[in-house]
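Undergrad: Input file: protein.txt. Contents: compact mmCIF, C-alpha atoms.
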# COMPACT_ATOMS: atom_id res chain seq x y z
CA MET A 132 6.93 21.53 -0.32
CA ILE A 133 9.46 19.37 -2.12
CA LYS A 134 10.18 15.84 -0.92
CA VAL A 135 13.77 14.55 -1.07
CA LEU A 136 14.49 10.80 -0.90
CA LEU A 137 17.85 9.37 0.16
CA PHE A 138 19.11 5.82 -0.36
CA ALA A 139 21.95 3.50 0.56
CA THR A 140 25.12 5.29 1.66
CA LEU A 141 23.44 8.72 1.63
CA GLN A 142 20.63 7.55 3.86
CA GLU A 143 23.15 6.30 6.41
CA LYS A 144 25.41 9.34 6.29
CA VAL A 145 22.59 11.85 6.60
CA GLY A 146 20.67 9.69 9.08
CA ALA A 147 17.32 10.06 7.31
CA SER A 148 15.56 8.49 4.38
CA GLU A 149 13.49 11.56 3.59
CA LEU A 150 13.87 15.34 3.83
CA SER A 151 11.35 18.12 3.25
CA LEU A 152 12.15 21.42 1.58
CA GLU A 153 9.93 24.43 2.07
CA GLU A 154 10.96 25.99 -1.26
CA ASN A 155 8.54 26.43 -4.12
CA ALA A 156 11.29 25.66 -6.60
CA ILE A 157 14.95 24.68 -6.47
CA LYS A 158 17.65 23.97 -9.04
CA ILE A 159 19.22 20.53 -8.60
CA SER A 160 22.80 21.84 -8.59
CA ASP A 161 21.91 24.39 -5.89
CA LEU A 162 20.29 21.69 -3.79
CA LYS A 163 23.33 19.44 -4.14
CA ASN A 164 25.64 22.19 -2.92
CA ARG A 165 23.34 23.01 -0.05
CA LEU A 166 23.12 19.40 1.13
CA ILE A 167 26.89 18.86 0.84
CA GLU A 168 27.40 21.85 3.11
CA GLU A 169 24.55 21.18 5.51
CA TYR A 170 25.36 17.51 6.15
CA ASP A 171 29.07 17.49 5.25
CA VAL A 172 28.46 14.56 2.91
CA GLN A 173 30.57 14.84 -0.27
CA GLU A 174 28.78 11.88 -1.88
CA PHE A 175 25.91 14.16 -2.95
CA SER A 176 28.17 15.48 -5.71
CA ASN A 177 28.63 11.97 -7.10
CA CYS A 178 24.93 11.13 -7.33
CA LEU A 179 22.45 11.06 -10.10
CA VAL A 180 19.15 12.74 -9.42
CA ALA A 181 15.61 11.79 -10.33
CA ILE A 182 12.62 14.08 -10.27
CA ASN A 183 9.34 12.18 -9.96
CA GLU A 184 11.07 8.88 -10.79
CA GLU A 185 12.74 10.11 -13.99
CA TYR A 186 16.47 10.86 -14.25
CA ALA A 187 17.09 14.62 -14.27
CA GLY A 188 20.07 16.90 -14.85
CA ASP A 189 21.89 19.35 -12.59
CA ASN A 190 20.23 22.27 -14.35
CA ASP A 191 16.71 20.97 -13.93
CA ILE A 192 14.40 22.63 -11.47
CA ALA A 193 12.11 20.83 -9.05
CA GLU A 194 8.91 22.49 -7.93
CA SER A 195 6.57 22.21 -5.00
CA GLY A 196 4.83 18.83 -5.04
CA ASP A 197 7.77 17.13 -6.78
CA THR A 198 9.79 14.26 -5.34
CA ILE A 199 13.56 14.42 -5.78
CA ALA A 200 15.61 11.26 -5.29
CA PHE A 201 19.38 11.20 -4.89
CA ILE A 202 20.71 8.08 -6.59
CA PRO A 203 24.21 7.02 -5.52
CA PRO A 204 26.11 4.84 -8.04
CA VAL A 205 23.93 1.78 -8.44
CA SER A 206 25.06 -1.77 -7.69
CA GLY A 207 22.18 -4.10 -8.50
CA GLY A 208 22.43 -7.47 -10.17
CA MET B 79 1.62 -10.84 -12.73
CA LYS B 80 4.03 -7.98 -13.42
CA GLU B 81 6.86 -8.59 -15.86
CA PHE B 82 9.22 -6.13 -14.17
CA LYS B 83 9.29 -6.13 -10.42
CA ILE B 84 11.20 -5.81 -7.19
CA VAL B 85 10.36 -8.38 -4.51
CA LYS B 86 11.35 -9.01 -0.91
CA GLU B 87 10.71 -12.75 -0.93
CA PRO B 88 12.73 -15.47 -2.72
CA ILE B 89 12.21 -15.31 -6.49
CA GLU B 90 10.14 -18.05 -8.11
CA ILE B 91 12.34 -18.65 -11.14
CA GLN B 92 9.68 -20.55 -13.07
CA HIS B 93 7.22 -17.67 -12.69
CA VAL B 94 9.66 -15.32 -14.42
CA ILE B 95 10.17 -17.80 -17.27
CA ASP B 96 6.43 -18.43 -17.65
CA GLN B 97 5.88 -14.77 -18.50
CA VAL B 98 7.95 -14.90 -21.68
CA VAL B 99 6.59 -18.17 -23.09
CA ASP B 100 5.26 -17.51 -26.58
CA PRO B 101 4.14 -19.75 -29.46
CA ASN B 102 6.45 -17.86 -31.82
CA CYS B 103 9.57 -18.16 -29.70
CA GLY B 104 12.13 -20.83 -30.37
CA ALA B 105 14.42 -19.92 -27.48
CA ILE B 106 14.18 -18.73 -23.89
CA SER B 107 17.38 -17.54 -22.27
CA THR B 108 17.54 -17.03 -18.50
CA PHE B 109 20.14 -15.21 -16.45
CA ILE B 110 20.24 -15.89 -12.71
CA GLY B 111 22.40 -13.65 -10.56
CA THR B 112 23.43 -15.20 -7.23
CA VAL B 113 25.25 -14.04 -4.09
CA ARG B 114 28.96 -14.92 -4.26
CA GLU B 115 31.00 -15.68 -1.15
CA MET B 116 34.56 -14.83 -2.26
CA THR B 117 35.50 -11.66 -4.12
CA LYS B 118 39.27 -11.90 -4.59
CA GLU B 119 40.52 -12.44 -1.02
CA LYS B 120 37.46 -11.01 0.68
CA LYS B 121 34.79 -13.23 2.20
CA THR B 122 31.22 -11.98 2.07
CA LEU B 123 28.96 -13.06 4.94
CA TYR B 124 25.71 -11.79 3.39
CA LEU B 125 24.36 -8.96 1.24
CA GLU B 126 21.68 -6.40 1.87
CA TYR B 127 19.90 -4.90 -1.14
CA ASP B 128 17.94 -1.66 -1.16
CA ALA B 129 16.01 -0.08 -4.04
CA TYR B 130 13.98 2.95 -4.99
CA VAL B 131 11.22 0.50 -5.76
CA PRO B 132 8.79 2.40 -8.02
CA MET B 133 11.60 3.91 -10.10
CA ALA B 134 13.55 0.64 -10.21
CA GLU B 135 10.51 -1.13 -11.65
CA LYS B 136 10.14 1.62 -14.25
CA GLU B 137 13.80 1.33 -15.22
CA LEU B 138 13.51 -2.45 -15.51
CA LYS B 139 10.59 -1.89 -17.87
CA ARG B 140 12.73 0.59 -19.80
CA ILE B 141 15.32 -2.15 -20.29
CA GLY B 142 12.54 -4.44 -21.52
CA ASP B 143 11.45 -1.78 -24.01
CA GLU B 144 15.02 -1.31 -25.21
CA ILE B 145 15.32 -5.06 -25.78
CA LYS B 146 12.05 -5.25 -27.69
CA GLU B 147 13.31 -2.47 -29.93
CA LYS B 148 16.74 -4.04 -30.53
CA TRP B 149 15.48 -7.62 -30.89
CA PRO B 150 12.01 -7.55 -32.48
CA ASP B 151 9.48 -10.17 -31.42
CA SER B 152 11.22 -10.70 -28.07
CA LYS B 153 9.55 -10.93 -24.68
CA VAL B 154 11.28 -9.95 -21.45
CA ALA B 155 10.61 -10.45 -17.73
CA ILE B 156 12.92 -9.36 -14.91
CA THR B 157 12.56 -9.81 -11.14
CA HIS B 158 15.10 -8.45 -8.66
CA ARG B 159 15.04 -9.30 -4.97
CA ILE B 160 15.90 -6.85 -2.17
CA GLY B 161 16.48 -7.20 1.57
CA ARG B 162 18.98 -9.55 3.21
CA LEU B 163 20.36 -12.27 0.93
CA GLU B 164 22.61 -15.14 1.99
CA ILE B 165 25.43 -16.73 -0.01
CA THR B 166 24.02 -18.58 -3.08
CA ASP B 167 20.63 -16.83 -2.84
CA VAL B 168 19.17 -15.62 -6.13
CA ALA B 169 19.27 -11.84 -6.43
CA VAL B 170 17.99 -11.37 -9.98
CA VAL B 171 16.28 -13.46 -12.65
CA ILE B 172 16.04 -12.35 -16.27
CA ALA B 173 14.10 -14.30 -18.89
CA VAL B 174 14.08 -13.40 -22.58
CA SER B 175 12.28 -15.26 -25.34
CA THR B 176 12.99 -14.71 -29.04
CA PRO B 177 12.23 -16.54 -32.26
CA HIS B 178 15.88 -17.68 -32.59
CA ARG B 179 18.54 -18.50 -30.00
CA ALA B 180 21.29 -15.98 -30.80
CA ALA B 181 19.08 -13.02 -29.94
CA ALA B 182 17.96 -14.60 -26.65
CA PHE B 183 21.56 -14.96 -25.45
CA GLU B 184 22.49 -11.43 -26.52
CA ALA B 185 19.42 -9.83 -25.02
CA SER B 186 19.77 -11.44 -21.60
CA ARG B 187 23.39 -10.27 -21.45
CA TYR B 188 22.26 -6.80 -22.44
CA ALA B 189 19.64 -6.80 -19.68
CA ILE B 190 22.04 -7.59 -16.83
CA GLU B 191 24.58 -5.02 -18.01
CA ARG B 192 21.87 -2.34 -18.19
CA ILE B 193 20.62 -3.26 -14.71
CA LYS B 194 24.10 -2.47 -13.42
CA GLU B 195 24.02 0.92 -15.18
CA ILE B 196 20.60 2.47 -14.73
CA VAL B 197 18.39 0.69 -12.20
CA PRO B 198 18.32 2.30 -8.72
CA ILE B 199 19.23 -0.78 -6.67
CA TRP B 200 22.13 -0.87 -4.19
CA LYS B 201 23.90 -3.67 -2.42
CA LYS B 202 25.68 -3.53 0.89
CA GLU B 203 28.43 -6.04 1.43
CA HIS B 204 28.80 -7.43 4.94
CA TRP B 205 32.24 -8.87 5.67
CA GLU B 206 33.73 -10.29 8.85
CA ASN B 207 35.52 -7.02 9.50
CA GLY B 208 33.07 -4.45 8.20
CA GLU B 209 30.39 -3.41 5.76
CA MET B 210 30.02 -1.05 2.82
CA TRP B 211 27.46 0.08 0.27
CA ILE B 212 28.99 -0.95 -3.02
CA GLY B 213 29.17 1.89 -5.47
CA ASP B 214 30.15 4.53 -2.96
CA GLN B 215 33.83 4.37 -3.77
CA LEU B 216 34.09 7.72 -5.50
CA GLU B 217 36.96 6.89 -7.80
CA GLN B 218 35.73 3.52 -8.97
CA HIS B 219 32.13 4.32 -9.65
CA SER B 220 32.05 7.98 -10.49
CA TYR B 221 29.03 9.66 -12.00
CA ARG B 222 31.01 12.79 -12.74
CA ASP B 223 30.46 12.40 -16.45
CA GLY B 224 26.80 13.00 -15.65
CA LYS B 225 25.41 9.55 -16.40
CA PRO B 226 25.73 6.01 -15.15
CA LYS B 227 28.54 4.02 -16.68
CA MET B 228 29.24 0.34 -16.96
CA GLU B 229 30.41 -1.28 -13.76
CA ASP B 230 33.24 -3.76 -13.81
CA GLU B 231 32.03 -6.66 -15.93
CA ASN B 232 33.30 -9.08 -13.34
CA ASP B 233 31.00 -7.84 -10.60
Please lay out the structure from this file as structure tokens.

TA:
Amino acid sequence: MIKVLLFATLQEKVGASELSLEENAIKISDLKNRLIEEYDVQEFSNCLVAINEEYAGDNDIAESGDTIAFIPPVSGG
Amino acid sequence: MKEFKIVKEPIEIQHVIDQVVDPNCGAISTFIGTVREMTKEKKTLYLEYDAYVPMAEKELKRIGDEIKEKWPDSKVAITHRIGRLEITDVAVVIAVSTPHRAAAFEASRYAIERIKEIVPIWKKEHWENGEMWIGDQLEQHSYRDGKPKMEDEND
């Protein structure tokens, strides 16, 4: 199982702060496309992604046990 | 006490400063970010901050490491508050100590700019006529180049 965390605008648009994927492995770009389609939320394309709290790229692959976080453009400070 | 942290309660400014006190420093620079009421013509009622807390603390530490590399013999502490903040509340406190003053000023500026680039913290503006997570305007804050970029310096 892969855990997916959502924050800020994504959390509100999807209506959940956490999703679970049954896959053993998934490529980040494939997951982005799937979530855009499934939830009709274009903002997924504009997000950075972290795997296990480290920034990751679209070509990286998350595996079972990993935590993926979608990071919309940040606005701290 | 942790040097890099996200808190839900009001920030004790002196506690952040105390962490960078050092016998070899001749300067401590602090940056205090506060909640502004007017942005151009728009009146903010209050802000709501959210964070990916464990990663945000790691990224704050990363900024501290970058500063120690760029300005040797410096010490850094950063605390950012999340939750609901009212106008004039303190959202972030940065303290940097260095042997000489020029580096302390430069490094605290560097820290706040990096926070706005890489640390997973988001603010939601609440106005009289609506609300919005800042950073979700696709055109203004695009990540399409694949990495965070500098936000407007006036934010």

Undergrad: Residues of chain B within 6 Å of chain A, counting all atoms listed in the file - could you list those as a PyMOL selection string?

TA: chain B and resi 133+170+194+198-201+211+213+221

Undergrad: I'd like the interatomic distance between atom CA of Pro132 of chain B and atom CA of Val154 of chain B, to a tenth of an Å.

TA: 18.4 Å

Undergrad: One number please: atom CA of Glu149 of chain A to atom CA of Lys139 of chain B, in Å, one decimal.

TA: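 Atom-to-atom, atom CA of Glu149 of chain A and atom CA of Lys139 of chain B are spaced 25.5 Å apart.
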
Undergrad: Using Å and a single decimal, report how far atom CA of Thr176 of chain B sits from atom CA of Trp149 of chain B.

TA: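 Calculated distance between atom CA of Trp149 of chain B and atom CA of Thr176 of chain B is 7.7 Å.
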
Undergrad: Which residues, written as JSON, numbers by chain, have at least one atom at most 12 Å from Tyr188 of chain B, with only C-alpha atoms counted and residues fewer than 5 positions away on the same chain left out?

TA: {"B": [107, 108, 109, 138, 141, 142, 144, 145, 146, 148, 149, 154, 172, 173, 174, 181, 182, 183, 193, 194, 195, 228, 231]}

Undergrad: Using only C-alpha atoms for the distances, tell me which of B:Val197, B:Ala185, B:Ile106, B:Val113 is nearest to Arg140 of chain B.

TA: B:Val197

Undergrad: Between B:His204, B:Arg187, B:Lys120, B:Arg192, which has the minimum distance to Glu164 of chain B (counting only C-alpha atoms)?

TA: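 Comparing B:His204, B:Arg187, B:Lys120, B:Arg192 against Glu164 of chain B, the winner is B:His204.
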
Undergrad: Taking all atoms of segment 168-178 of chain A that the file lists, what box with edges along x, y and z, padded by 8 Å per side, do you get, with centre and edge lengths in Å to one decimal, as AutoDock Vina command-line options?

TA:
--center_x 27.6 --center_y 16.5 --center_z -0.6 --size_x 22.0 --size_y 26.7 --size_z 29.5

Undergrad: Find, counting all atoms listed in the file, the residue in B:Tyr130, B:Pro177, B:Ile190, B:Thr166 that gets nearest to Ser148 of chain A.

TA: B:Tyr130

Undergrad: So that I can see what lies close to Ser151 of chain A, please list as an MDAnalysis selection string the residues with an atom at most 8 Å from it, counting all atoms listed in the file and leaving out residues fewer than 6 positions away in the same chain.

TA: chainID A and resid 132:135

Undergrad: With C-alpha atoms retained, export the selected residues as a compact mmCIF listing (two decimals), keeping the file's coordinate frame.

TA:
# COMPACT_ATOMS: atom_id res chain seq x y z
CA MET A 132 6.93 21.53 -0.32
CA ILE A 133 9.46 19.37 -2.12
CA LYS A 134 10.18 15.84 -0.92
CA VAL A 135 13.77 14.55 -1.07
